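Structure data (mmCIF, C-alpha atoms) from work-v2.cif:
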```
data_model
loop_
_atom_site.label_atom_id
_atom_site.label_comp_id
_atom_site.auth_asym_id
_atom_site.auth_seq_id
_atom_site.Cartn_x
_atom_site.Cartn_y
_atom_site.Cartn_z
CA MET A 1 277.24 184.38 -16.72
CA THR A 2 275.76 185.88 -19.81
CA LEU A 3 272.48 184.67 -21.38
CA ILE A 4 274.30 183.13 -24.33
CA GLU A 5 276.66 181.22 -22.07
CA TYR A 6 273.69 180.01 -20.00
CA LEU A 7 271.82 178.71 -23.04
CA SER A 8 274.99 176.99 -24.26
CA SER A 9 275.39 175.25 -20.95
CA LEU A 10 271.87 173.83 -21.21
CA GLY A 11 273.03 171.71 -24.09
CA ASP A 12 275.28 169.77 -21.71
CA ASN A 13 272.47 169.24 -19.20
CA PRO A 14 271.12 165.64 -19.53
CA TYR A 15 267.73 166.53 -18.04
CA PHE A 16 267.19 169.26 -20.56
CA GLY A 17 268.29 167.08 -23.45
CA ALA A 18 265.99 164.28 -22.32
CA GLY A 19 262.74 166.21 -21.93
CA ALA A 20 262.69 169.95 -21.72
CA GLY A 21 264.39 170.42 -25.06
CA LEU A 22 261.99 168.17 -26.85
CA PHE A 23 259.09 169.93 -25.18
CA GLY A 24 260.36 173.28 -26.33
CA MET A 25 260.82 172.08 -29.87
CA GLY A 26 257.27 170.72 -29.82
CA VAL A 27 255.96 174.06 -28.61
CA LEU A 28 257.84 175.88 -31.35
CA ALA A 29 256.54 173.45 -33.96
CA ALA A 30 252.95 173.87 -32.73
CA VAL A 31 253.26 177.65 -32.74
CA GLY A 32 254.75 177.55 -36.21
CA ARG A 33 251.94 175.31 -37.49
CA LYS A 34 249.26 177.55 -35.99
CA GLY A 35 250.97 180.57 -37.40
CA LEU A 36 251.11 179.00 -40.84
CA GLN A 37 247.43 178.07 -40.67
CA GLY A 38 246.51 181.57 -39.59
CA ALA A 39 248.60 183.10 -42.35
CA THR A 40 246.94 180.78 -44.87
CA ILE A 41 243.47 181.79 -43.68
CA VAL A 42 244.37 185.48 -43.86
CA PHE A 43 245.85 184.95 -47.31
CA ARG A 44 242.74 183.12 -48.61
CA ARG A 45 240.37 185.69 -47.14
CA ASN A 46 242.17 188.74 -48.45
CA LEU A 47 244.07 187.65 -51.54
CA MET A 48 241.90 184.85 -52.98
CA ILE A 49 238.28 184.61 -54.15
CA THR A 50 236.12 181.48 -53.93
CA MET A 51 232.79 180.51 -55.49
CA GLU A 52 230.77 177.41 -54.57
CA VAL A 53 228.05 175.96 -56.81
CA THR A 54 225.84 173.13 -55.52
CA SER A 55 224.28 170.38 -57.60
CA ARG A 56 220.85 171.84 -56.82
CA ASP A 57 221.72 175.08 -58.59
CA LYS A 58 220.67 175.51 -62.21
CA SER A 59 224.17 176.50 -63.30
CA TYR A 60 225.82 173.37 -61.89
CA GLN A 61 225.64 171.28 -65.08
CA TRP A 62 226.43 174.31 -67.23
CA LEU A 63 229.62 174.87 -65.26
CA LEU A 64 230.76 171.25 -65.43
CA GLN A 65 230.28 171.11 -69.20
CA TRP A 66 232.07 174.43 -69.68
CA ILE A 67 235.03 173.32 -67.51
CA THR A 68 235.30 170.13 -69.53
CA LYS A 69 235.31 171.94 -72.87
CA TYR A 70 237.36 175.03 -72.12
CA GLY A 71 238.97 174.44 -68.75
CA THR A 72 240.76 171.56 -67.10
CA ARG A 73 242.51 168.81 -69.03
CA SER A 74 242.38 166.43 -66.10
CA GLN A 75 243.02 162.73 -66.60
CA HIS A 76 240.52 161.91 -63.83
CA LEU A 77 237.06 162.09 -65.34
CA SER A 78 233.41 161.15 -64.82
CA VAL A 79 231.09 160.33 -67.70
CA GLU A 80 227.65 161.81 -68.36
CA THR A 81 225.45 160.36 -71.10
CA GLU A 82 223.30 162.65 -73.23
CA PHE A 83 220.59 161.73 -75.72
CA GLN A 84 219.94 164.01 -78.68
CA GLU A 85 217.11 163.81 -81.18
CA SER A 86 218.00 164.57 -84.81
CA ALA A 87 215.77 166.37 -87.27
CA ALA A 88 214.67 162.98 -88.59
CA GLY A 89 213.55 161.92 -85.14
CA GLN A 90 216.45 159.54 -84.52
CA VAL A 91 217.93 159.51 -81.04
CA LYS A 92 221.71 159.65 -80.84
CA THR A 93 223.87 159.06 -77.80
CA ARG A 94 226.71 161.34 -76.81
CA PHE A 95 229.15 160.95 -73.93
CA HIS A 96 230.46 163.96 -72.04
CA PHE A 97 233.48 163.76 -69.77
CA VAL A 98 233.39 166.02 -66.72
CA PRO A 99 235.96 166.41 -63.93
CA SER A 100 235.66 163.60 -61.38
CA PRO A 101 235.39 164.35 -57.64
CA GLY A 102 238.71 165.74 -56.45
CA SER A 103 241.01 168.69 -57.21
CA HIS A 104 241.75 170.07 -60.67
CA TYR A 105 242.97 173.33 -62.12
CA PHE A 106 242.90 175.35 -65.34
CA TRP A 107 243.99 178.73 -66.69
CA TYR A 108 241.39 181.34 -67.64
CA ASN A 109 242.53 184.67 -69.08
CA LYS A 110 245.97 184.19 -67.49
CA ASN A 111 244.38 183.45 -64.10
CA LEU A 112 244.96 180.16 -62.30
CA VAL A 113 241.63 178.66 -61.22
CA ILE A 114 241.54 175.68 -58.84
CA VAL A 115 238.52 173.35 -59.09
CA GLU A 116 237.39 171.18 -56.20
CA ARG A 117 234.49 168.82 -56.83
CA ASN A 118 233.08 167.14 -53.72
CA ARG A 119 230.40 164.46 -53.43
CA ASP A 120 228.38 163.54 -50.35
CA ASN A 121 226.79 160.08 -50.46
CA LYS A 122 225.53 160.11 -46.89
CA VAL A 123 222.26 161.81 -47.72
CA MET A 124 219.32 160.08 -49.46
CA GLU A 125 220.29 161.54 -52.83
CA VAL A 126 223.76 162.33 -54.08
CA PHE A 127 224.73 165.90 -53.23
CA GLU A 128 227.69 167.53 -54.96
CA THR A 129 229.47 170.86 -54.90
CA VAL A 130 231.98 172.48 -57.23
CA THR A 131 234.23 175.15 -55.74
CA LEU A 132 236.30 177.50 -57.88
CA THR A 133 239.21 179.35 -56.28
CA ALA A 134 241.36 182.04 -57.92
CA PHE A 135 243.96 184.59 -56.84
CA GLY A 136 242.83 188.18 -56.50
CA ARG A 137 239.54 189.84 -55.56
CA ASN A 138 237.94 190.36 -58.97
CA ARG A 139 234.43 188.85 -58.99
CA GLU A 140 234.07 189.56 -62.69
CA LEU A 141 236.27 186.52 -63.30
CA PHE A 142 233.57 184.17 -62.02
CA MET A 143 230.77 186.17 -63.63
CA ASN A 144 232.45 185.80 -67.01
CA ILE A 145 232.87 182.05 -66.50
CA LEU A 146 229.20 181.63 -65.55
CA THR A 147 228.07 183.72 -68.51
CA GLU A 148 230.14 181.67 -70.93
CA ALA A 149 228.83 178.44 -69.34
CA ARG A 150 225.25 179.62 -69.74
CA ASN A 151 225.77 180.64 -73.38
CA LEU A 152 227.35 177.27 -74.11
CA ALA A 153 224.36 175.47 -72.58
CA LEU A 154 221.89 177.57 -74.56
CA LEU A 155 223.83 176.92 -77.75
CA SER A 156 223.79 173.15 -77.18
CA ASN A 157 219.98 173.26 -76.72
CA GLU A 158 219.32 175.60 -79.62
CA GLY A 159 216.44 174.37 -81.75
CA GLN A 160 215.27 172.03 -78.99
CA THR A 161 212.67 172.06 -76.25
CA MET A 162 213.63 170.96 -72.76
CA MET A 163 211.17 168.90 -70.73
CA TYR A 164 211.21 168.80 -66.93
CA SER A 165 209.43 166.60 -64.41
CA ALA A 166 209.04 166.97 -60.66
CA VAL A 167 211.28 164.67 -58.60
CA GLY A 168 210.82 165.28 -54.91
CA PRO A 169 211.09 169.02 -54.23
CA GLU A 170 212.94 169.92 -57.45
CA TRP A 171 212.64 169.90 -61.23
CA ARG A 172 214.83 167.57 -63.26
CA PRO A 173 215.25 167.14 -67.04
CA LEU A 174 212.82 164.58 -68.44
CA GLY A 175 214.60 162.43 -71.00
CA TYR A 176 216.48 164.14 -73.82
CA PRO A 177 215.74 167.56 -75.38
CA ARG A 178 213.03 167.35 -78.06
CA ARG A 179 213.47 169.03 -81.39
CA LYS A 180 211.15 171.99 -81.79
CA ARG A 181 207.94 171.27 -83.63
CA PRO A 182 206.75 173.97 -86.05
CA LEU A 183 203.66 175.71 -84.73
CA ASN A 184 201.89 175.44 -88.08
CA SER A 185 202.29 171.66 -88.00
CA VAL A 186 199.53 171.46 -85.37
CA ILE A 187 196.38 172.48 -87.22
CA LEU A 188 193.59 173.66 -84.95
CA ASP A 189 190.30 175.19 -86.01
CA ARG A 190 190.38 178.55 -87.72
CA GLY A 191 191.70 181.31 -85.45
CA VAL A 192 192.30 179.19 -82.32
CA SER A 193 196.07 178.93 -82.66
CA GLU A 194 196.38 182.61 -83.55
CA ARG A 195 194.37 183.73 -80.52
CA ILE A 196 196.47 181.70 -78.09
CA PHE A 197 199.78 182.71 -79.67
CA ASP A 198 198.91 186.42 -79.80
CA ASP A 199 197.69 186.35 -76.20
CA ILE A 200 200.83 184.67 -74.86
CA GLN A 201 203.09 187.00 -76.86
CA GLY A 202 201.24 189.98 -75.44
CA PHE A 203 201.76 188.59 -71.95
CA ILE A 204 205.50 187.98 -72.42
CA ASN A 205 206.16 191.40 -73.96
CA ASN A 206 204.14 193.51 -71.50
CA SER A 207 205.42 192.74 -68.02
CA LYS A 208 205.69 196.48 -67.28
CA TRP A 209 201.98 196.92 -68.03
CA TYR A 210 201.08 194.37 -65.35
CA ILE A 211 203.44 195.88 -62.79
CA GLU A 212 202.19 199.45 -63.29
CA ARG A 213 198.59 198.37 -62.69
CA GLY A 214 199.35 196.10 -59.75
CA ILE A 215 198.13 192.99 -61.57
CA PRO A 216 199.90 189.68 -60.75
CA TYR A 217 202.19 188.87 -63.66
CA ARG A 218 200.99 185.38 -64.54
CA ARG A 219 198.75 183.84 -67.15
CA GLY A 220 196.61 180.71 -67.17
CA TYR A 221 195.20 178.80 -70.14
CA LEU A 222 192.72 175.93 -70.42
CA LEU A 223 192.46 173.74 -73.51
CA TYR A 224 189.48 171.43 -73.37
CA GLY A 225 187.88 168.98 -75.75
CA PRO A 226 187.84 165.31 -76.81
CA PRO A 227 191.05 163.26 -76.66
CA GLY A 228 193.34 163.12 -79.69
CA CYS A 229 192.43 166.56 -81.00
CA GLY A 230 195.84 168.22 -80.51
CA LYS A 231 195.81 169.89 -77.09
CA SER A 232 199.14 168.54 -75.82
CA SER A 233 200.73 168.64 -79.29
CA TYR A 234 199.86 172.32 -79.63
CA ILE A 235 201.39 173.17 -76.23
CA MET A 236 204.59 171.38 -77.27
CA ALA A 237 204.75 173.33 -80.53
CA LEU A 238 203.89 176.60 -78.77
CA ALA A 239 206.76 176.15 -76.29
CA GLY A 240 209.17 175.79 -79.20
CA ALA A 241 207.75 178.87 -80.93
CA ILE A 242 208.31 181.12 -77.89
CA ASP A 243 211.56 179.34 -76.91
CA TYR A 244 210.26 178.08 -73.56
CA SER A 245 210.75 174.77 -71.79
CA ILE A 246 207.89 172.62 -70.44
CA CYS A 247 207.48 171.48 -66.83
CA VAL A 248 205.11 168.52 -66.66
CA LEU A 249 203.36 168.29 -63.29
CA ASN A 250 201.39 165.21 -62.29
CA LEU A 251 198.84 166.16 -59.66
CA SER A 252 197.80 162.52 -59.22
CA ASP A 253 201.20 161.64 -57.79
CA LYS A 254 200.66 160.03 -54.40
CA GLY A 255 203.53 162.06 -52.97
CA MET A 256 202.03 165.38 -54.05
CA SER A 257 200.97 167.68 -51.23
CA ASP A 258 199.87 171.29 -50.92
CA ASP A 259 203.29 172.45 -49.72
CA ARG A 260 205.19 170.53 -52.38
CA LEU A 261 202.94 171.88 -55.16
CA THR A 262 203.45 175.46 -53.98
CA HIS A 263 207.21 174.91 -53.78
CA LEU A 264 207.38 173.42 -57.30
CA LEU A 265 205.32 176.19 -58.87
CA THR A 266 207.41 178.84 -57.12
CA ASN A 267 210.74 177.28 -58.13
CA ALA A 268 210.02 176.27 -61.72
CA PRO A 269 212.82 176.87 -64.24
CA GLU A 270 212.85 180.29 -65.86
CA GLN A 271 211.12 180.67 -69.20
CA SER A 272 209.05 177.56 -68.79
CA ILE A 273 205.43 176.53 -69.25
CA ILE A 274 203.80 174.65 -66.37
CA LEU A 275 201.66 171.88 -67.87
CA LEU A 276 198.87 170.20 -65.90
CA GLU A 277 197.50 167.52 -68.21
CA ASP A 278 194.10 165.91 -67.66
CA ILE A 279 193.34 168.16 -64.73
CA ASP A 280 189.92 166.52 -64.41
CA ALA A 281 191.61 163.27 -63.35
CA ALA A 282 193.10 164.95 -60.28
CA PHE A 283 190.17 167.06 -59.15
CA VAL A 284 186.47 166.97 -59.90
CA SER A 285 183.73 169.44 -59.22
CA ARG A 286 182.54 169.60 -55.62
CA ASP A 287 178.99 169.08 -56.93
CA VAL A 288 179.98 165.75 -58.51
CA THR A 289 181.81 164.74 -55.33
CA LYS A 290 178.66 165.25 -53.27
CA GLU A 291 176.73 162.88 -55.54
CA ASN A 292 179.22 160.05 -55.04
CA SER A 293 181.58 160.94 -52.23
CA ILE A 294 183.09 157.45 -51.91
CA ALA A 295 184.07 157.19 -55.58
CA TYR A 296 185.90 160.51 -55.51
CA GLN A 297 187.78 160.24 -52.24
CA GLY A 298 191.30 161.61 -52.72
CA MET A 299 194.23 159.26 -52.84
CA GLY A 300 196.93 161.83 -52.11
CA ARG A 301 197.53 164.67 -49.70
CA LEU A 302 196.89 167.37 -52.30
CA THR A 303 193.66 169.27 -51.77
CA LEU A 304 191.63 171.43 -54.11
CA SER A 305 192.08 174.43 -51.83
CA GLY A 306 195.84 173.81 -51.89
CA LEU A 307 195.83 173.89 -55.69
CA LEU A 308 193.73 177.06 -55.78
CA ASN A 309 196.08 178.82 -53.37
CA ALA A 310 199.13 177.66 -55.33
CA LEU A 311 197.67 179.12 -58.53
CA ASP A 312 196.81 182.59 -57.26
CA GLY A 313 197.24 182.71 -53.49
CA VAL A 314 199.55 184.92 -51.47
CA ALA A 315 202.54 182.61 -52.04
CA SER A 316 201.89 181.92 -55.73
CA ALA A 317 204.68 182.55 -58.21
CA GLU A 318 205.00 185.54 -60.55
CA ALA A 319 206.07 185.53 -64.22
CA ARG A 320 204.40 182.16 -64.73
CA ILE A 321 202.61 180.63 -67.71
CA LEU A 322 200.36 177.70 -66.85
CA PHE A 323 198.44 175.42 -69.22
CA MET A 324 195.77 172.98 -68.15
CA THR A 325 194.14 170.38 -70.39
CA THR A 326 190.98 168.37 -69.85
CA ASN A 327 188.63 166.14 -71.80
CA TYR A 328 185.70 166.96 -69.53
CA ILE A 329 185.41 170.62 -68.60
CA GLU A 330 182.08 170.01 -66.88
CA ARG A 331 183.89 167.98 -64.22
CA LEU A 332 186.09 170.88 -63.16
CA ASP A 333 185.26 173.01 -60.16
CA LYS A 334 184.17 176.50 -61.20
CA ALA A 335 186.62 178.04 -58.75
CA LEU A 336 189.49 176.33 -60.56
CA ILE A 337 188.73 177.87 -63.96
CA ARG A 338 187.56 181.32 -62.94
CA PRO A 339 189.34 184.42 -64.35
CA GLY A 340 192.64 185.01 -62.60
CA ARG A 341 193.39 181.29 -62.52
CA VAL A 342 192.38 180.57 -66.11
CA ASP A 343 192.49 183.69 -68.27
CA LEU A 344 191.82 182.11 -71.66
CA LYS A 345 189.74 179.03 -72.46
CA GLU A 346 189.83 177.45 -75.91
CA TYR A 347 187.85 174.50 -77.19
CA VAL A 348 189.94 172.03 -79.21
CA GLY A 349 187.40 169.73 -80.74
CA HIS A 350 187.00 167.20 -83.51
CA ALA A 351 188.32 168.03 -86.96
CA THR A 352 186.33 170.67 -88.84
CA ASP A 353 186.11 171.29 -92.57
CA TYR A 354 188.92 173.84 -92.27
CA GLN A 355 191.20 171.46 -90.39
CA LEU A 356 190.55 168.55 -92.77
CA GLN A 357 191.48 170.62 -95.80
CA GLN A 358 194.58 172.09 -94.16
CA MET A 359 195.82 168.69 -93.01
CA PHE A 360 195.30 167.20 -96.48
CA ARG A 361 197.29 170.04 -98.07
CA ARG A 362 200.10 169.60 -95.55
CA PHE A 363 200.45 165.87 -96.18
CA TYR A 364 199.93 166.09 -99.95
CA PRO A 365 201.19 169.53 -101.04
CA ASP A 366 201.33 168.57 -104.74
CA GLU A 367 197.63 167.68 -104.95
CA PRO A 368 195.19 170.24 -106.40
CA GLU A 369 192.94 172.34 -104.16
CA SER A 370 189.89 170.43 -105.30
CA ARG A 371 191.21 167.17 -103.84
CA ALA A 372 191.48 168.71 -100.36
CA GLN A 373 187.90 169.94 -100.62
CA GLU A 374 186.74 166.55 -101.87
CA PHE A 375 188.46 164.79 -98.96
CA SER A 376 186.90 167.12 -96.42
CA GLN A 377 183.40 166.73 -97.88
CA MET A 378 183.69 162.93 -97.85
CA VAL A 379 184.77 162.86 -94.20
CA MET A 380 181.98 165.22 -93.20
CA SER A 381 179.46 163.07 -95.09
CA LEU A 382 180.26 160.16 -92.77
CA GLU A 383 178.49 162.14 -90.03
CA GLN A 384 180.80 160.77 -87.36
CA PRO A 385 183.22 162.87 -85.30
CA VAL A 386 186.85 162.41 -86.32
CA SER A 387 189.83 163.60 -84.28
CA ALA A 388 193.03 165.08 -85.66
CA ALA A 389 194.89 162.00 -84.42
CA GLN A 390 192.61 159.77 -86.51
CA VAL A 391 193.18 161.91 -89.61
CA GLN A 392 196.94 161.88 -89.14
CA GLY A 393 196.97 158.12 -88.56
CA PHE A 394 194.89 157.64 -91.71
CA PHE A 395 197.33 159.74 -93.78
CA MET A 396 200.24 157.75 -92.37
CA MET A 397 198.73 154.61 -93.87
CA TYR A 398 198.88 156.18 -97.34
CA LYS A 399 201.87 158.48 -97.21
CA LYS A 400 202.41 158.57 -100.96
CA GLU A 401 198.99 157.45 -102.14
CA PRO A 402 196.50 160.32 -102.01
CA ASP A 403 194.15 158.43 -104.31
CA CYS A 404 193.84 155.65 -101.74
CA VAL A 405 192.95 158.20 -99.11
CA VAL A 406 189.80 159.13 -101.02
CA LYS A 407 188.95 155.56 -102.01
CA ASN A 408 189.22 154.16 -98.49
CA ILE A 409 187.73 157.09 -96.65
CA LYS A 410 185.47 154.90 -94.50
CA GLU A 411 188.49 153.38 -92.79
CA ILE A 412 189.17 156.63 -90.96
CA VAL A 413 186.36 156.11 -88.46
CA ASN A 414 187.80 152.74 -87.40
CA LEU A 415 191.16 154.17 -86.29
#
```
Could you render the structure as structure tokens?
Amino acid sequence: MTLIEYLSSLGDNPYFGAGAGLFGMGVLAAVGRKGLQGATIVFRRNLMITMEVTSRDKSYQWLLQWITKYGTRSQHLSVETEFQESAAGQVKTRFHFVPSPGSHYFWYNKNLVIVERNRDNKVMEVFETVTLTAFGRNRELFMNILTEARNLALLSNEGQTMMYSAVGPEWRPLGYPRRKRPLNSVILDRGVSERIFDDIQGFINNSKWYIERGIPYRRGYLLYGPPGCGKSSYIMALAGAIDYSICVLNLSDKGMSDDRLTHLLTNAPEQSIILLEDIDAAFVSRDVTKENSIAYQGMGRLTLSGLLNALDGVASAEARILFMTTNYIERLDKALIRPGRVDLKEYVGHATDYQLQQMFRRFYPDEPESRAQEFSQMVMSLEQPVSAAQVQGFFMMYKKEPDCVVKNIKEIVNL
């Protein structure tokens, strides 16, 4: 009996038809499925390219916005709300639709790109990933997409200053982007603004000089003086002038620790200014602490030595610009403001004759020069310190009435 005849006879065998045949078909199906899975894996590894971007990556939001504008036309969407401040200071709301969790696709330069957005709600905070898959092995495809997404994000924030705050171990946008404030709108005493701006420009443009001499490429600034004199306002305007963002760090946060501070300073967004406002409220001089140890017991886990090491220790970040502000420089530990941690100190005090005249001219540009001098002399004759915030508030009361400014000059000290 030949093999073919034998196999044909098995069809008439009831035992084979009842069990063995089904078993064989199952084996063939399993082998076929495994073979198909293996072929798919080989195909994806050799003939497809995949890129995954997590929600913790800086390019995650850029990519979603780019996909929405230039990529997929999916009917399944998620909404993201954005606030934008106009030149007049009005806040407008815009809604952006981004691909919802699931699978989508789009065509880019005649290449089919499959998008898979996944969301994991099991962790304490929502964690998402976006995976792009395309045919071929050309990585330039994804590089071009990321470059276009970055350029689109920069274009949408053009003329604005981004603010970030520390949430847990990462930096997140704080509110909506602020419109850039002109640097000359914050009037400091003669030469102060110019010294800071020239110093920071020299730092930004001379990274090679630092590297060649083995000097850590970072710069620290301390602005000190009475409240309301323009310290924070100047930093905001300076960030806009050099096209940097601002990362606001609250050292008094009860959850702040030495390790978390080091991590935040090391992983701050690129081209950003680290701002430590009212540094005296977080740490005081060790001499003052000895006088009244109970009053100055720390509330958090952050220590002075931890801050000092984060600023210029072995693990401190490079290419960093840090600003500190304080109303009471005498309360700061000398180790905190020594050279290397604070490279430039500038006093921002009460309004001087120069500032009073410049502020008057800015608010009332059509008034003659003599009126600005008269206003300044009258304020100085009061023999009471006046802050820039008081002067600005006084001008706001008489926006279009410069004559009333001179007549009611005594009101300025009550603001």
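The coordinates place CA of Phe363 in chain A at 15.4 Å from CA of Leu183 in chain A.
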| message | Which residues are close to Arg190 in chain A, i.e. within 9 Å by all atoms listed in the file, leaving aside same-chain residues fewer than 2 positions away? Reply as number ranges by chain. | response | A: 187-188, 192-194, 352, 354-355
| said: Excluding Ala282 in chain A and its own-chain neighbours fewer than 4 positions away, which residues fall within 9 Å of it when counting all atoms listed in the file? Please give them as a VMD selection string. | reply: chain A and resid 250 to 252 278 298
| task | Please return, as number ranges by chain, all polymer residues that have at least one atom within 6 Å of the point (230.7, 170.5, -53.1); use only C-alpha atoms and the file's own coordinate frame. | result | A: 117-118, 128-130
| If you measure from CA of Arg338 in chain A to CA of Met236 in chain A, what distance in Å do you get, rounded to one decimal? | 24.4 Å
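When only C-alpha atoms are used to measure the gap to Ala310 in chain A, the shortest distance among A:Val79, A:Arg260, A:Leu276, A:Phe203 belongs to A:Arg260.
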| request: I need the residue set behind the PyMOL selection byres ((chain A and resi 381-395) around 10) for this file; please write it as a ChimeraX atom specification. | output: /A:186-188,226-230,348-352,355-356,359-360,363-364,375-380,396-402,404-405,408-415
Those residues with C-alpha atoms, as a tab-separated table (two decimals), in the frame of the given file please?
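Saved file selection03.tsv follows:
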```tsv
chain	number	residue	atom	x	y	z
A	186	VAL	CA	199.53	171.46	-85.37
A	187	ILE	CA	196.38	172.48	-87.22
A	188	LEU	CA	193.59	173.66	-84.95
A	226	PRO	CA	187.84	165.31	-76.81
A	227	PRO	CA	191.05	163.26	-76.66
A	228	GLY	CA	193.34	163.12	-79.69
A	229	CYS	CA	192.43	166.56	-81.00
A	230	GLY	CA	195.84	168.22	-80.51
A	348	VAL	CA	189.94	172.03	-79.21
A	349	GLY	CA	187.40	169.73	-80.74
A	350	HIS	CA	187.00	167.20	-83.51
A	351	ALA	CA	188.32	168.03	-86.96
A	352	THR	CA	186.33	170.67	-88.84
A	355	GLN	CA	191.20	171.46	-90.39
A	356	LEU	CA	190.55	168.55	-92.77
A	359	MET	CA	195.82	168.69	-93.01
A	360	PHE	CA	195.30	167.20	-96.48
A	363	PHE	CA	200.45	165.87	-96.18
A	364	TYR	CA	199.93	166.09	-99.95
A	375	PHE	CA	188.46	164.79	-98.96
A	376	SER	CA	186.90	167.12	-96.42
A	377	GLN	CA	183.40	166.73	-97.88
A	378	MET	CA	183.69	162.93	-97.85
A	379	VAL	CA	184.77	162.86	-94.20
A	380	MET	CA	181.98	165.22	-93.20
A	396	MET	CA	200.24	157.75	-92.37
A	397	MET	CA	198.73	154.61	-93.87
A	398	TYR	CA	198.88	156.18	-97.34
A	399	LYS	CA	201.87	158.48	-97.21
A	400	LYS	CA	202.41	158.57	-100.96
A	401	GLU	CA	198.99	157.45	-102.14
A	402	PRO	CA	196.50	160.32	-102.01
A	404	CYS	CA	193.84	155.65	-101.74
A	405	VAL	CA	192.95	158.20	-99.11
A	408	ASN	CA	189.22	154.16	-98.49
A	409	ILE	CA	187.73	157.09	-96.65
A	410	LYS	CA	185.47	154.90	-94.50
A	411	GLU	CA	188.49	153.38	-92.79
A	412	ILE	CA	189.17	156.63	-90.96
A	413	VAL	CA	186.36	156.11	-88.46
A	414	ASN	CA	187.80	152.74	-87.40
A	415	LEU	CA	191.16	154.17	-86.29
```
Selection near His96 in chain A, 10 Å with all atoms listed in the file, sequence-local residues under 2 positions removed, as a tab-separated table (two decimals) with C-alpha atoms, in the coordinates of the input:
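Final output, saved to around-v7.tsv:
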```tsv
chain	number	residue	atom	x	y	z
A	64	LEU	CA	230.76	171.25	-65.43
A	65	GLN	CA	230.28	171.11	-69.20
A	68	THR	CA	235.30	170.13	-69.53
A	69	LYS	CA	235.31	171.94	-72.87
A	77	LEU	CA	237.06	162.09	-65.34
A	78	SER	CA	233.41	161.15	-64.82
A	79	VAL	CA	231.09	160.33	-67.70
A	80	GLU	CA	227.65	161.81	-68.36
A	81	THR	CA	225.45	160.36	-71.10
A	82	GLU	CA	223.30	162.65	-73.23
A	94	ARG	CA	226.71	161.34	-76.81
A	98	VAL	CA	233.39	166.02	-66.72
```
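What separates CA of Pro177 in chain A from CA of Met162 in chain A is a distance of 4.8 Å.
Considering all atoms listed in the file, the residue among A:Ser257, A:Asp189, A:Thr133, A:Glu270 positioned nearest to Asp353 in chain A is A:Asp189.
The nearest approach to Leu264 in chain A among the residues A:Gly225, A:Pro169, A:Gly202, A:Pro216, with all atoms listed in the file taken into account, belongs to A:Pro169.
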| said: Since I can't run it myself right now, could you work out what the PyMOL selection byres ((chain A and resi 308) around 12) selects here and report it as a count of residues only? | reply: 27
| Explicit residue set for the PyMOL selection byres ((chain A and resi 167) around 12), as a VMD selection string | chain A and resid 125 164 to 166 168 to 174 247 to 250 253 255 to 256 260 to 261 264
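The residue that comes closest to Trp107 in chain A, out of A:Phe127, A:Leu141, A:Glu277, A:Arg213 and on the basis of all atoms listed in the file, is A:Leu141.
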| query | Nearest to Asn151 in chain A: which of A:Trp62, A:Thr326, A:Gln358, A:Ile242 is it, counting all atoms listed in the file? | reply | A:Trp62
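Those residues positioned at most 9 Å from (201.1, 173.7, -69.0) are A:Gly220, A:Tyr221, A:Leu222, A:Ser232, A:Ile235, A:Ile246, A:Cys247, A:Val248, A:Leu249, A:Ser272, A:Ile273, A:Ile274, A:Leu275, A:Leu276, A:Glu277, A:Ile321, A:Leu322, A:Phe323, A:Met324, A:Thr325, judged using all atoms listed in the file.
Counting all atoms listed in the file, the residue from A:Ser59, A:Asn327, A:Ser185, A:Gln373 that sits nearest to Leu223 in chain A is A:Asn327.
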